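One structure is given here, and the rest of the page talks about it.
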Amino acid sequence: MGTHHVVRARGITKCFGDVVALDGVDLDVTQGQIHGLAGPNGAGKTTLLGLLLGLAVADGGSLEILGVPVGRALAAPDGVAGFVDGPGLYPSLTARQNLAALAALRGHDKRSAGIADVLDQVGLTDVADDRVRGFSLGMRQRLGLAAALLTRPRLLVLDEPANGLDPAGARHVHGVLTRLAAEGTAVVLSSHRMDDLEALCSEVTILATGRVVFSGPLAKLAAENRELDYRLLTSDPQAARRLADDTDGVDVVDGTTPRPGGEALVVRAPVSALDALVAALVHAGVAVRELAPVVSPLEAAFLALTERQEAGR
């Protein structure tokens with residue numbers, strides 16, 4: 001295994017009684033990469049994250065983390081931190097006291113300077129001495145991230161890190177994760193929010209019924225998803241409708257609907273046909289004011305891949 005690999009999993013299986021949670025899963029994560037996990041509920045995402053954190057052991061296959069084969073012990077490998085199913089916190093303690101207690105439990109340096117630094121990184125300095133029982137879900141998520149950062153991990157494993165965050169909080173967490181990746185930390189995160197994955201991840205693995213249905217760069221996923229629905233807003237909706245009907249490969253899937261600035265048309269087309277439609281609109285003197293996927297390429301591919309896997313069970 002090359003030293004740039006932080007996670008290398010091959011043929012991982014995990015069962016809970018008669019339930020197959022993971023079925024022959026492969027996963028590669030490299031240094032400085034933010035790798036996303038997506039999939040419907042019950043797809044195996046949390047189970048896989050738990051294996052990376054040492055909260056469970058695989059029934060079969062091989063797993064190497066930071067170049068070291070993972071054994072049968074239930075313990076987080078050195079250099080790995082994070083949380084699944086939400087961070088474990090003490091509600092009666094303050095944010096600062098939580099971090100001090102967690103650092104002591106893990107045998108790490110609990111100097112106040114280190115605690116102050118991670119609280120600042122996640123934007124919780126102003127509430128550092130407030131009791132956690134009064135924190136919102138988003139604030140708890142950020143405190144869980146701060147606890148993980150105390151150990152200066154080389155692999156950060158996060159389950160729905162943006163859960164409960166408002167847009168400003170999500171942007172703050174995105175900035176923290178992007179900076180960590182730039183400094184060489186590998187990040188594996190799961191999310192039901194396709195916009196988070198698209199904003200953060202260079203590669204994504206999609207799971208369905210415990211199996212990998214896609215793994216690779218987002219650009220490859222978008223390229224493989226040949227047709228998307230696009231919302232088209234122009235200066236002349238009726239002319240746009242006529243031109244769309246006349247363009248090979250373009251299907252009008254929805255009539256004009258009111259939008260700020262005019263009426264929008266929804267069309268389904270591969271990129272090549274969409275390019276031809278835009279050229280025809282420009283040639284006809286019709287201004288294109290908005291052209292955007294109704295759902296993102298990742299979300300469209302996610303739905304198609306997971307529905308196909310569910311249908312084939």
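How things are named: the first chain in the structure tokens is A, the next is B, and so on; residues count from 1 in each chain; ligands count from 1 in the order shown.
Here the DSSP assignment of strand (DSSP E), based on backbone atoms, applies within region 107-182 of chain A to Leu155, Leu156, Val157, Leu158 and Asp159 of chain A.
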File dump, residues just selected, N, CA and C atoms, as a PDB file, in the first residue's frame:
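Full text of selection_35.pdb as output:
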ATOM      1  N   LEU A 155      -6.709  11.108  10.300  1.00  0.00           N
ATOM      2  CA  LEU A 155      -7.962  10.687   9.663  1.00  0.00           C
ATOM      3  C   LEU A 155      -9.109  11.150  10.542  1.00  0.00           C
ATOM      4  N   LEU A 156     -10.001  11.951   9.968  1.00  0.00           N
ATOM      5  CA  LEU A 156     -11.162  12.477  10.679  1.00  0.00           C
ATOM      6  C   LEU A 156     -12.405  11.834  10.095  1.00  0.00           C
ATOM      7  N   VAL A 157     -13.199  11.193  10.939  1.00  0.00           N
ATOM      8  CA  VAL A 157     -14.385  10.440  10.512  1.00  0.00           C
ATOM      9  C   VAL A 157     -15.615  11.096  11.126  1.00  0.00           C
ATOM     10  N   LEU A 158     -16.528  11.564  10.283  1.00  0.00           N
ATOM     11  CA  LEU A 158     -17.658  12.352  10.771  1.00  0.00           C
ATOM     12  C   LEU A 158     -18.971  11.843  10.185  1.00  0.00           C
ATOM     13  N   ASP A 159     -19.957  11.706  11.030  1.00  0.00           N
ATOM     14  CA  ASP A 159     -21.286  11.268  10.634  1.00  0.00           C
ATOM     15  C   ASP A 159     -22.225  12.472  10.661  1.00  0.00           C
TER      16      ASP A 159
END
Per-residue DSSP, region 83-267 of chain A, filtered to alpha helix (DSSP H), as a PyMOL selection string
chain A and resi 95-105+112-121+137-149+167-182+194-200+218-224+237-246
Go ahead and save the residues from that selection, with C-alpha atoms, as a CSV table (one decimal), in the first residue's frame.
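Dumped to out25.csv:
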chain,number,residue,atom,x,y,z
A,95,ALA,CA,-18.1,23.2,26.4
A,96,ARG,CA,-14.6,23.9,27.8
A,97,GLN,CA,-15.1,21.3,30.6
A,98,ASN,CA,-16.3,18.7,28.1
A,99,LEU,CA,-13.1,19.1,26.0
A,100,ALA,CA,-10.9,18.9,29.1
A,101,ALA,CA,-12.7,15.7,30.3
A,102,LEU,CA,-12.6,14.1,26.9
A,103,ALA,CA,-8.9,14.9,26.5
A,104,ALA,CA,-8.1,13.4,29.9
A,105,LEU,CA,-10.1,10.2,29.1
A,112,SER,CA,-6.2,25.2,28.1
A,113,ALA,CA,-4.4,26.7,25.1
A,114,GLY,CA,-5.2,23.6,23.0
A,115,ILE,CA,-8.8,23.7,24.1
A,116,ALA,CA,-9.1,27.4,23.4
A,117,ASP,CA,-7.7,26.9,19.9
A,118,VAL,CA,-10.2,24.2,18.8
A,119,LEU,CA,-13.1,26.1,20.3
A,120,ASP,CA,-12.0,29.1,18.2
A,121,GLN,CA,-11.7,26.9,15.1
A,137,LEU,CA,-28.0,20.4,17.7
A,138,GLY,CA,-25.7,22.3,15.5
A,139,MET,CA,-23.6,23.6,18.4
A,140,ARG,CA,-23.3,20.1,19.7
A,141,GLN,CA,-22.0,19.0,16.3
A,142,ARG,CA,-19.4,21.7,16.3
A,143,LEU,CA,-18.3,20.8,19.8
A,144,GLY,CA,-18.0,17.2,18.7
A,145,LEU,CA,-15.8,18.4,15.9
A,146,ALA,CA,-13.7,20.4,18.3
A,147,ALA,CA,-13.2,17.3,20.5
A,148,ALA,CA,-11.9,15.4,17.5
A,149,LEU,CA,-9.5,18.2,16.6
A,167,PRO,CA,-26.1,28.2,6.7
A,168,ALA,CA,-23.5,30.3,8.5
A,169,GLY,CA,-22.6,27.4,10.8
A,170,ALA,CA,-22.4,25.0,7.8
A,171,ARG,CA,-20.1,27.4,6.0
A,172,HIS,CA,-17.9,27.6,9.1
A,173,VAL,CA,-17.6,23.9,9.4
A,174,HIS,CA,-16.9,23.6,5.6
A,175,GLY,CA,-14.0,26.0,6.1
A,176,VAL,CA,-12.6,24.0,8.9
A,177,LEU,CA,-12.7,20.7,7.0
A,178,THR,CA,-11.3,22.3,3.8
A,179,ARG,CA,-8.4,23.7,5.8
A,180,LEU,CA,-7.7,20.4,7.5
A,181,ALA,CA,-7.6,18.6,4.1
A,182,ALA,CA,-5.3,21.3,2.7
A,194,MET,CA,-26.0,16.3,-1.6
A,195,ASP,CA,-25.0,20.0,-1.5
A,196,ASP,CA,-22.6,19.4,1.3
A,197,LEU,CA,-21.0,16.5,-0.5
A,198,GLU,CA,-20.7,18.5,-3.7
A,199,ALA,CA,-19.2,21.5,-1.9
A,200,LEU,CA,-16.6,19.5,0.1
A,218,LEU,CA,-17.7,13.6,-8.6
A,219,ALA,CA,-16.8,14.6,-12.2
A,220,LYS,CA,-17.0,11.0,-13.3
A,221,LEU,CA,-20.4,10.6,-11.6
A,222,ALA,CA,-21.8,13.6,-13.4
A,223,ALA,CA,-20.4,12.4,-16.7
A,224,GLU,CA,-22.0,9.0,-16.3
A,237,PRO,CA,-40.7,31.6,-22.9
A,238,GLN,CA,-42.9,30.8,-25.9
A,239,ALA,CA,-40.0,31.0,-28.4
A,240,ALA,CA,-37.9,28.9,-26.0
A,241,ARG,CA,-40.6,26.3,-25.9
A,242,ARG,CA,-40.7,26.1,-29.7
A,243,LEU,CA,-36.9,25.9,-30.1
A,244,ALA,CA,-36.8,23.2,-27.4
A,245,ASP,CA,-39.4,21.2,-29.3
A,246,ASP,CA,-37.3,21.5,-32.4
Two-atom distance - CA of Ala273 (chain A), CA of Ala287 (chain A) (Å)
17.8 Å
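Between CA of Gly164 (chain A) and CA of Ser136 (chain A) there is a distance of 7.7 Å.
Considering the residues A:Thr185, A:Asn163, A:Ser191, A:Ser62 and counting only C-alpha atoms, Gln33 (chain A) has its shortest atom-to-atom contact with A:Thr185.
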Selected residue, from A:Ser235, A:Thr13, A:Thr125, A:Thr30, that lies nearest to Val188 (chain A) when counting only C-alpha atoms
A:Thr30
Contact residues around Asp254 (chain A) with only C-alpha atoms at 7 Å, ignoring same-chain residues under 4 positions, as number ranges by chain
A: 265-267
Counting only C-alpha atoms, the option among A:Pro77, A:Gly216, A:Pro293, A:Pro91 closest to Leu27 (chain A):
A:Gly216
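Distance check against Ala21 (chain A) using only C-alpha atoms: of A:Val294, A:Val127, A:Ala76, A:Leu51, the minimum falls on A:Leu51.
For the pair CA of Val6 (chain A) and CA of Phe83 (chain A), the separation is 17.6 Å.
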Min atom-atom distance to Arg289 (chain A) from the set A:Val253, A:Leu48, A:Ala301, A:Arg231, counting only C-alpha atoms, belongs to A:Arg231
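For the choices A:Arg72, A:His283, A:Lys14, A:His192, the atom-to-atom distance to Gly36 (chain A) is smallest for A:His192 when using only C-alpha atoms.
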